[in-house]
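Reproduced below: final-v8.cif, with mmCIF, C-alpha atoms.
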```cif
data_upload
#
loop_
_atom_site.label_atom_id
_atom_site.label_comp_id
_atom_site.auth_asym_id
_atom_site.auth_seq_id
_atom_site.Cartn_x
_atom_site.Cartn_y
_atom_site.Cartn_z
CA ALA A 210 0.00 0.00 0.00
CA GLY A 211 2.81 2.42 0.82
CA LYS A 212 2.06 3.04 4.51
CA SER A 213 5.59 2.64 5.84
CA THR A 214 7.06 4.55 2.89
CA THR A 215 4.69 7.44 3.68
CA MET A 216 5.72 7.35 7.34
CA LYS A 217 9.39 7.45 6.39
CA MET A 218 8.76 10.52 4.22
CA LEU A 219 6.73 12.26 6.94
CA SER A 220 9.51 11.68 9.46
CA GLY A 221 12.23 12.94 7.11
CA ASN A 222 13.92 9.55 6.69
CA LEU A 223 13.07 9.31 2.99
CA ALA A 224 12.99 12.19 0.51
CA PRO A 225 9.86 12.37 -1.67
CA ASP A 226 10.25 12.39 -5.46
CA GLN A 227 7.89 15.36 -5.68
CA GLY A 228 5.47 17.45 -3.66
CA GLU A 229 5.99 18.98 -0.23
CA ILE A 230 5.57 17.98 3.40
CA THR A 231 4.68 20.55 6.04
CA ILE A 232 4.92 19.67 9.74
CA ASN A 233 3.19 22.10 12.07
CA GLY A 234 3.87 24.96 9.67
CA TYR A 235 7.48 24.04 8.76
CA ASP A 236 8.48 22.73 5.34
CA LEU A 237 10.30 19.44 5.87
CA LEU A 238 12.55 19.93 2.83
CA SER A 239 13.53 23.59 3.19
CA GLN A 240 13.34 23.76 7.03
CA PRO A 241 14.33 20.23 8.08
CA LYS A 242 15.64 21.05 11.57
CA GLN A 243 12.58 23.04 12.57
CA ALA A 244 10.19 20.50 11.04
CA LYS A 245 11.87 17.46 12.61
CA ALA A 246 11.86 19.17 16.01
CA GLN A 247 8.05 18.97 15.82
CA ILE A 248 8.09 15.18 15.30
CA GLY A 249 8.35 12.12 17.49
CA TYR A 250 8.74 8.94 15.46
CA LEU A 251 8.41 5.24 16.20
CA PRO A 252 9.16 3.08 13.15
CA GLU A 253 7.79 -0.45 12.82
CA GLN A 254 11.05 -1.79 14.28
CA PRO A 255 11.74 0.32 17.42
CA PRO A 256 15.23 1.95 17.31
CA LEU A 257 16.41 0.67 20.67
CA TYR A 258 19.93 0.22 22.06
CA LYS A 259 19.22 -3.06 23.79
CA GLU A 260 22.50 -3.18 25.69
CA LEU A 261 21.36 -0.14 27.72
CA THR A 262 18.93 -0.07 30.60
CA VAL A 263 15.60 1.65 30.05
CA LYS A 264 16.67 4.72 32.03
CA GLU A 265 20.08 4.95 30.33
CA PHE A 266 18.44 4.80 26.93
CA LEU A 267 15.89 7.49 27.74
CA ILE A 268 18.60 9.79 29.12
CA PHE A 269 20.47 9.30 25.85
CA CYS A 270 17.28 10.11 23.89
CA ALA A 271 16.81 13.29 25.92
CA GLN A 272 20.35 14.34 25.07
CA ILE A 273 20.07 13.74 21.31
CA ASN A 274 16.79 15.66 21.34
CA GLN A 275 18.72 18.57 22.90
CA ILE A 276 16.75 18.67 26.11
CA PRO A 277 18.77 20.88 28.52
CA PRO A 278 20.65 18.94 31.23
CA THR A 279 18.67 20.76 33.92
CA LYS A 280 15.43 19.38 32.45
CA THR A 281 16.59 15.89 31.45
CA LYS A 282 15.68 14.18 34.73
CA ALA A 283 12.15 15.59 34.70
CA ALA A 284 11.63 14.68 31.03
CA VAL A 285 12.83 11.10 31.59
CA ASN A 286 10.72 10.65 34.72
CA THR A 287 7.66 12.01 32.94
CA VAL A 288 7.80 9.50 30.06
CA ILE A 289 8.69 6.65 32.42
CA GLU A 290 5.54 7.37 34.41
CA ARG A 291 3.37 8.00 31.38
CA CYS A 292 4.44 4.88 29.50
CA GLY A 293 4.20 2.57 32.49
CA LEU A 294 7.93 1.85 32.75
CA SER A 295 8.48 2.56 36.46
CA ASP A 296 9.09 -1.10 37.34
CA VAL A 297 11.67 -1.73 34.60
CA THR A 298 13.90 1.36 34.58
CA LYS A 299 17.00 -0.57 35.68
CA ARG A 300 16.47 -3.55 33.38
CA LEU A 301 18.34 -4.03 30.12
CA ILE A 302 16.08 -3.39 27.15
CA SER A 303 17.16 -6.75 25.70
CA HIS A 304 15.54 -8.45 28.71
CA LEU A 305 12.14 -6.81 28.20
CA SER A 306 9.10 -8.34 26.52
CA LYS A 307 8.15 -6.99 23.11
CA GLY A 308 5.26 -5.10 24.69
CA TYR A 309 7.59 -3.29 27.08
CA GLN A 310 10.10 -2.64 24.32
CA GLN A 311 7.28 -0.98 22.39
CA ARG A 312 6.52 1.17 25.43
CA VAL A 313 10.17 2.26 25.50
CA GLY A 314 9.94 3.06 21.79
CA ILE A 315 6.90 5.25 22.40
CA ALA A 316 8.65 6.92 25.35
CA GLN A 317 11.59 7.96 23.16
CA ALA A 318 9.13 9.35 20.61
CA ILE A 319 7.45 11.68 23.10
CA ILE A 320 10.32 12.56 25.46
CA HIS A 321 10.83 15.97 23.83
CA THR A 322 7.06 16.71 23.83
CA PRO A 323 6.70 16.96 20.03
CA ALA A 324 3.57 18.41 18.47
CA VAL A 325 3.19 15.38 16.18
CA VAL A 326 3.83 11.72 17.06
CA ILE A 327 4.19 9.29 14.13
CA LEU A 328 3.67 5.59 14.90
CA ASP A 329 4.23 2.95 12.23
CA GLU A 330 2.33 -0.29 12.96
CA PRO A 331 2.58 0.28 16.74
CA THR A 332 0.86 -2.99 17.74
CA SER A 333 2.49 -5.27 15.16
CA GLY A 334 3.67 -8.56 16.64
CA LEU A 335 2.15 -8.00 20.08
CA ASP A 336 -0.12 -10.42 21.93
CA PRO A 337 -3.77 -9.43 22.67
CA ILE A 338 -3.02 -8.12 26.18
CA GLN A 339 -0.05 -6.07 24.95
CA ILE A 340 -2.14 -4.71 22.06
CA ARG A 341 -4.81 -3.53 24.47
CA GLU A 342 -2.22 -1.85 26.71
CA ILE A 343 -0.48 -0.07 23.81
CA ARG A 344 -3.81 1.12 22.40
CA HIS A 345 -4.68 2.58 25.80
CA LEU A 346 -1.29 4.32 25.88
CA ILE A 347 -1.81 5.75 22.38
CA ARG A 348 -5.22 7.15 23.37
CA ASP A 349 -3.58 8.80 26.38
CA ILE A 350 -0.82 10.30 24.21
CA ALA A 351 -3.44 11.63 21.78
CA SER A 352 -4.82 13.85 24.54
CA GLU A 353 -1.66 16.01 24.33
CA HIS A 354 -0.18 15.28 20.89
CA SER A 355 -1.41 14.89 17.33
CA VAL A 356 -0.90 11.20 16.56
CA ILE A 357 -0.47 9.78 13.07
CA LEU A 358 -0.41 6.00 12.97
CA SER A 359 -0.35 3.42 10.24
CA THR A 360 -1.96 0.02 10.65
CA HIS A 361 -3.29 -2.86 8.60
CA ILE A 362 -5.51 -3.94 11.51
CA LEU A 363 -8.91 -2.48 10.62
CA PRO A 364 -10.56 -2.69 14.09
CA GLU A 365 -7.62 -0.62 15.37
CA VAL A 366 -8.74 2.20 13.09
CA GLN A 367 -12.19 2.29 14.70
CA THR A 368 -10.72 1.99 18.20
CA LEU A 369 -8.09 4.73 17.99
CA CYS A 370 -8.66 7.15 15.13
CA ASP A 371 -10.70 10.32 14.58
CA ARG A 372 -9.82 10.49 10.90
CA VAL A 373 -8.81 7.79 8.44
CA GLN A 374 -6.92 7.78 5.16
CA ILE A 375 -6.72 4.72 2.93
CA ILE A 376 -3.72 4.25 0.65
CA ASN A 377 -3.75 1.74 -2.21
CA HIS A 378 -0.59 1.18 -4.27
CA GLY A 379 0.82 4.50 -3.07
CA LYS A 380 -2.33 6.46 -3.95
CA LEU A 381 -4.60 8.16 -1.42
CA ILE A 382 -8.10 6.89 -2.24
CA PHE A 383 -10.07 7.88 0.89
CA SER A 384 -9.73 10.66 3.46
CA ASP A 385 -12.51 11.44 5.91
CA THR A 386 -13.66 11.18 9.51
CA ILE A 387 -14.38 7.92 11.29
CA ALA A 388 -17.98 9.13 11.62
CA SER A 389 -18.23 9.33 7.83
CA LEU A 390 -16.70 5.88 7.48
CA SER A 391 -19.19 4.54 10.02
CA GLN A 392 -22.04 5.93 7.93
CA GLN A 393 -20.82 3.84 5.02
CA MET A 394 -21.05 0.80 7.30
CA GLN A 395 -24.81 1.25 7.55
CA ALA A 396 -26.48 -1.30 5.26
CA SER A 397 -29.90 -0.79 3.64
CA SER A 398 -31.22 -4.01 5.13
CA LEU A 399 -32.97 -5.28 8.24
CA LEU A 400 -33.07 -8.64 9.98
CA LEU A 401 -36.67 -9.58 10.81
CA GLY A 402 -37.74 -12.43 13.10
CA LEU A 403 -41.40 -13.48 13.40
CA ASP A 404 -42.98 -16.40 15.30
CA SER A 405 -46.09 -16.23 13.10
CA PRO A 406 -44.79 -14.95 9.76
CA PRO A 407 -47.11 -14.11 6.86
CA ASN A 408 -46.41 -15.03 3.26
CA ILE A 409 -43.25 -13.31 1.98
CA SER A 410 -45.32 -11.48 -0.63
CA ARG A 411 -47.22 -9.75 2.20
CA ILE A 412 -43.98 -8.33 3.62
CA GLN A 413 -42.82 -7.27 0.16
CA GLN A 414 -45.93 -5.10 -0.21
CA LEU A 415 -44.74 -2.75 2.53
CA SER A 416 -43.49 0.60 1.23
CA GLY A 417 -39.76 0.89 0.63
CA ILE A 418 -39.10 -2.87 0.55
CA ASN A 419 -37.05 -3.90 -2.48
CA SER A 420 -36.76 -7.60 -1.72
CA VAL A 421 -37.20 -10.17 1.04
CA GLU A 422 -34.75 -13.01 1.61
CA ALA A 423 -35.88 -15.98 3.73
CA LEU A 424 -33.05 -17.03 6.05
CA SER A 425 -35.25 -19.60 7.83
CA PRO A 426 -39.02 -20.20 8.12
CA THR A 427 -39.21 -17.47 10.79
CA ARG A 428 -36.28 -15.18 9.95
CA PHE A 429 -35.88 -12.81 7.01
CA ARG A 430 -33.49 -10.25 5.55
CA LEU A 431 -35.29 -7.20 4.15
CA HIS A 432 -33.55 -4.99 1.59
CA TYR A 433 -35.06 -1.51 1.42
CA GLN A 434 -34.58 1.80 -0.37
CA PRO A 435 -31.93 3.87 1.50
CA ASP A 436 -34.22 6.89 1.78
CA ASN A 437 -37.28 4.88 2.88
CA ASN A 438 -36.57 2.90 6.06
CA PRO A 439 -39.61 0.66 6.74
CA THR A 440 -38.90 0.04 10.44
CA GLN A 441 -41.88 1.99 11.83
CA GLU A 442 -44.32 0.48 9.34
CA LEU A 443 -42.99 -3.01 10.07
CA LEU A 444 -43.49 -2.50 13.79
CA ALA A 445 -47.06 -1.33 13.27
CA TYR A 446 -47.94 -4.24 10.98
CA ALA A 447 -46.27 -6.81 13.23
CA VAL A 448 -48.49 -5.68 16.11
CA SER A 449 -51.75 -5.24 14.17
CA GLU A 450 -51.36 -8.49 12.18
CA GLN A 451 -50.09 -10.44 15.22
CA TRP A 452 -46.91 -11.63 13.51
CA GLN A 453 -45.28 -12.01 16.96
CA LEU A 454 -42.14 -10.01 16.36
CA THR A 455 -38.98 -11.55 17.86
CA GLU A 456 -36.27 -9.57 16.07
CA LEU A 457 -35.94 -6.34 14.14
CA ALA A 458 -32.36 -5.16 13.77
CA PRO A 459 -30.50 -3.01 11.22
CA GLU A 460 -27.60 -4.73 9.51
CA GLN A 461 -24.14 -3.23 9.29
CA HIS A 462 -21.34 -3.78 6.84
CA SER A 463 -18.09 -4.70 8.50
CA LEU A 464 -15.21 -2.24 8.25
CA GLU A 465 -13.49 -4.84 6.07
CA ASP A 466 -16.48 -4.79 3.67
CA VAL A 467 -16.35 -0.99 3.45
CA PHE A 468 -12.57 -1.07 2.94
CA MET A 469 -12.83 -3.62 0.12
CA ASN A 470 -15.67 -1.66 -1.50
CA ILE A 471 -13.55 1.53 -1.51
CA ILE A 472 -10.62 -0.40 -3.00
CA GLN A 473 -12.82 -2.02 -5.67
CA GLN A 474 -14.42 1.31 -6.62
CA GLU A 475 -10.98 2.86 -7.07
CA THR A 476 -9.76 -0.14 -9.09
CA SER A 477 -12.85 0.07 -11.31
CA THR A 478 -12.30 3.80 -11.85
CA ASP A 479 -8.66 3.20 -12.82
CA VAL A 480 -9.66 0.48 -15.31
CA GLN A 481 -12.28 2.73 -16.91
CA ALA A 482 -9.77 5.60 -17.14
CA ALA A 483 -7.27 3.30 -18.85
#
```
Just give me the structure as structure tokens.
Amino acid sequence: AGKSTTMKMLSGNLAPDQGEITINGYDLLSQPKQAKAQIGYLPEQPPLYKELTVKEFLIFCAQINQIPPTKTKAAVNTVIERCGLSDVTKRLISHLSKGYQQRVGIAQAIIHTPAVVILDEPTSGLDPIQIREIRHLIRDIASEHSVILSTHILPEVQTLCDRVQIINHGKLIFSDTIASLSQQMQASSLLLGLDSPPNISRIQQLSGINSVEALSPTRFRLHYQPDNNPTQELLAYAVSEQWQLTELAPEQHSLEDVFMNIIQQETSTDVQAA
């Protein structure tokens, strides 16, 4: 897709062939020092010196980020506390679990309080408990920093992000809010359960119903016109006709379905243009 390549360009580790990158008002190409000072970066493989202890490494990170010596101790203690590293400060990084190593990687990215924190696949390779802990940490960081993260784990997008951009073969094909993406997850169909169902043709006569699909003798999928939701009419008929309603629920597309639909639409557009 080009996620990691994009992250490398945003962090100044890879020069773009064309275009410009502006970080918090600074042009990354013409003002690299000022722009990079605004960034904290955690690549997919954390840049850790594993022969150092956690505290030694963070002191080193404070120094290379030009934090004044008089403020180094406070900066190190702040990220240790914030990233949940208090119990491992004297341990060698090589002796830490991958989850804790990721915490150290995030700590080095925020030690100089950058305006923008860039995280490339921050939960890759972690177990479910570690993933949950890192996601919680990212949400906490987002309260004080702008966070840009790349991920191929779609539920992570819903859990963490306010906005989403989808890249396909290096091309940006979607950019909008999570709320907008969630709207696309709304399907124009209902699941209907009835203990005493009428003939399918009777249900199809209701306004707005395009088709009725029998899932079982008492359970149906109703496809309706997007601008004509039949829920209220269905409720009224179910009561008046004594259909004994047991289920009436809107269906939702999964985020994966929406993602694939966006990709397919873009692919179709490219084929037509060719």
Checklist entry - Got a sec: who's within 9 Å of Glu353 in chain A, counting only C-alpha atoms, leaving out chain neighbours fewer than 3 positions off, as a count of residues only? => result 4
Item to check | Resolved residues for the PyMOL selection byres ((chain A and resi 284-291) around 9) as a PyMOL selection string | outcome: chain A and resi 263-264+267-268+270-271+276+280-283+292-295+298+313+315-317+319-322+346+349-350
Same residues, C-alpha atoms, saved as a short mmCIF file (atom, residue, chain, number, x, y, z; two decimals), in the frame of the given file:
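Final output, saved to out-v2.cif:
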```
data_model
loop_
_atom_site.label_atom_id
_atom_site.label_comp_id
_atom_site.auth_asym_id
_atom_site.auth_seq_id
_atom_site.Cartn_x
_atom_site.Cartn_y
_atom_site.Cartn_z
CA VAL A 263 15.60 1.65 30.05
CA LYS A 264 16.67 4.72 32.03
CA LEU A 267 15.89 7.49 27.74
CA ILE A 268 18.60 9.79 29.12
CA CYS A 270 17.28 10.11 23.89
CA ALA A 271 16.81 13.29 25.92
CA ILE A 276 16.75 18.67 26.11
CA LYS A 280 15.43 19.38 32.45
CA THR A 281 16.59 15.89 31.45
CA LYS A 282 15.68 14.18 34.73
CA ALA A 283 12.15 15.59 34.70
CA CYS A 292 4.44 4.88 29.50
CA GLY A 293 4.20 2.57 32.49
CA LEU A 294 7.93 1.85 32.75
CA SER A 295 8.48 2.56 36.46
CA THR A 298 13.90 1.36 34.58
CA VAL A 313 10.17 2.26 25.50
CA ILE A 315 6.90 5.25 22.40
CA ALA A 316 8.65 6.92 25.35
CA GLN A 317 11.59 7.96 23.16
CA ILE A 319 7.45 11.68 23.10
CA ILE A 320 10.32 12.56 25.46
CA HIS A 321 10.83 15.97 23.83
CA THR A 322 7.06 16.71 23.83
CA LEU A 346 -1.29 4.32 25.88
CA ASP A 349 -3.58 8.80 26.38
CA ILE A 350 -0.82 10.30 24.21
#
```
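Residues in contact with Cys370 in chain A at up to 9 Å, not including ones fewer than 3 positions away on its chain and judged by only C-alpha atoms, are Arg348, Val356, Ile357, Leu358, Glu365, Val366, Gln367, Val373, Thr386 and Ile387 of chain A.
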Would you write out, as a Markdown table, a table of all residues in range 371-443 of chain A that have an atom no more than 7 Å from an atom of range 450-462 of chain A, listing for each the closest atom pair and the distance in Å to one decimal, considering all atoms listed in the file and ordering rows by chain and rising residue number?
```
| residue | atom | partner | partner_atom | distance |
| --- | --- | --- | --- | --- |
| A:Met394 | CA | A:His462 | CA | 4.6 |
| A:Gln395 | CA | A:Gln461 | CA | 4.9 |
| A:Ala396 | CA | A:Gln461 | CA | 5.0 |
| A:Ser398 | CA | A:Glu460 | CA | 5.7 |
| A:Leu399 | CA | A:Pro459 | CA | 4.5 |
| A:Leu400 | CA | A:Ala458 | CA | 5.2 |
| A:Leu401 | CA | A:Leu457 | CA | 4.7 |
| A:Gly402 | CA | A:Glu456 | CA | 4.4 |
| A:Leu403 | CA | A:Leu454 | CA | 4.6 |
| A:Asp404 | CA | A:Gln453 | CA | 5.2 |
| A:Ser405 | CA | A:Trp452 | CA | 4.7 |
| A:Pro406 | CA | A:Trp452 | CA | 5.4 |
```
What does the file look like for those residues with C-alpha atoms, as a short mmCIF file (atom, residue, chain, number, x, y, z; two decimals), in the frame of the given file?
```
data_model
loop_
_atom_site.label_atom_id
_atom_site.label_comp_id
_atom_site.auth_asym_id
_atom_site.auth_seq_id
_atom_site.Cartn_x
_atom_site.Cartn_y
_atom_site.Cartn_z
CA MET A 394 -21.05 0.80 7.30
CA GLN A 395 -24.81 1.25 7.55
CA ALA A 396 -26.48 -1.30 5.26
CA SER A 398 -31.22 -4.01 5.13
CA LEU A 399 -32.97 -5.28 8.24
CA LEU A 400 -33.07 -8.64 9.98
CA LEU A 401 -36.67 -9.58 10.81
CA GLY A 402 -37.74 -12.43 13.10
CA LEU A 403 -41.40 -13.48 13.40
CA ASP A 404 -42.98 -16.40 15.30
CA SER A 405 -46.09 -16.23 13.10
CA PRO A 406 -44.79 -14.95 9.76
#
```
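Taking CA of Ile338 in chain A and CA of Leu261 in chain A as endpoints, the distance between them is 25.7 Å.
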Report the residues retrieved by the PyMOL selection byres ((chain A and resi 361) around 10) from the displayed file, expressed as a PDB file with C-alpha atoms, in the frame of the given file.
```
ATOM      1  CA  ALA A 210       0.000   0.000   0.000  1.00  0.00           C
ATOM      2  CA  LYS A 212       2.060   3.040   4.510  1.00  0.00           C
ATOM      3  CA  GLU A 330       2.330  -0.290  12.960  1.00  0.00           C
ATOM      4  CA  SER A 333       2.490  -5.270  15.160  1.00  0.00           C
ATOM      5  CA  SER A 359      -0.350   3.420  10.240  1.00  0.00           C
ATOM      6  CA  THR A 360      -1.960   0.020  10.650  1.00  0.00           C
ATOM      7  CA  ILE A 362      -5.510  -3.940  11.510  1.00  0.00           C
ATOM      8  CA  LEU A 363      -8.910  -2.480  10.620  1.00  0.00           C
ATOM      9  CA  PRO A 364     -10.560  -2.690  14.090  1.00  0.00           C
ATOM     10  CA  GLU A 365      -7.620  -0.620  15.370  1.00  0.00           C
ATOM     11  CA  VAL A 366      -8.740   2.200  13.090  1.00  0.00           C
TER      12      VAL A 366
END
```
Checklist entry - For Gly379 in chain A, which residue among A:Thr215, A:Ser391, A:Gln339, A:Thr332 is the nearest when counting all atoms listed in the file? => result A:Thr215
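If you look at CA of Lys245 in chain A and CA of Asn274 in chain A, they are 10.2 Å away from each other.
For the structure shown here, the set of residues caught by the PyMOL selection byres ((chain A and resi 435-444) around 8) is Ser397, Leu415, Ser416, Gly417, Ile418, Tyr433, Gln434, Ala445, Tyr446, Ala447, Val448 and Leu457 of chain A.
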Generate the output file for the selected residues, C-alpha atoms, as a compact mmCIF listing (two decimals), in the frame of the given file.
```
# COMPACT_ATOMS: atom_id res chain seq x y z
CA SER A 397 -29.90 -0.79 3.64
CA LEU A 415 -44.74 -2.75 2.53
CA SER A 416 -43.49 0.60 1.23
CA GLY A 417 -39.76 0.89 0.63
CA ILE A 418 -39.10 -2.87 0.55
CA TYR A 433 -35.06 -1.51 1.42
CA GLN A 434 -34.58 1.80 -0.37
CA ALA A 445 -47.06 -1.33 13.27
CA TYR A 446 -47.94 -4.24 10.98
CA ALA A 447 -46.27 -6.81 13.23
CA VAL A 448 -48.49 -5.68 16.11
CA LEU A 457 -35.94 -6.34 14.14
```
Checklist entry - Which value, in Å to one decimal, gives the distance between CA of Tyr250 in chain A and CA of Ile340 in chain A? => result 18.7 Å
Enclose all atoms of range 241-251 of chain A listed in the file in an axis-aligned box, grow every side by 5 Å, and hand back centre and edge lengths in Å to one decimal, as JSON.
```
{"center_x": 11.8, "center_y": 14.1, "center_z": 12.8, "size_x": 17.6, "size_y": 27.8, "size_z": 19.4}
```
Checklist outcome for this item: Across A:Leu238, A:Gly308, A:Pro323, A:Val421, the smallest distance to Asp226 in chain A, with all atoms listed in the file counted, is shown by A:Leu238
Next on the checklist: I need every residue sitting at most 12 Å from the point (1.5, 3.6, -4.4) (coordinates as in the file, all atoms listed in the file considered), written as a PyMOL selection string.
Outcome noted: chain A and resi 210-215+375-382
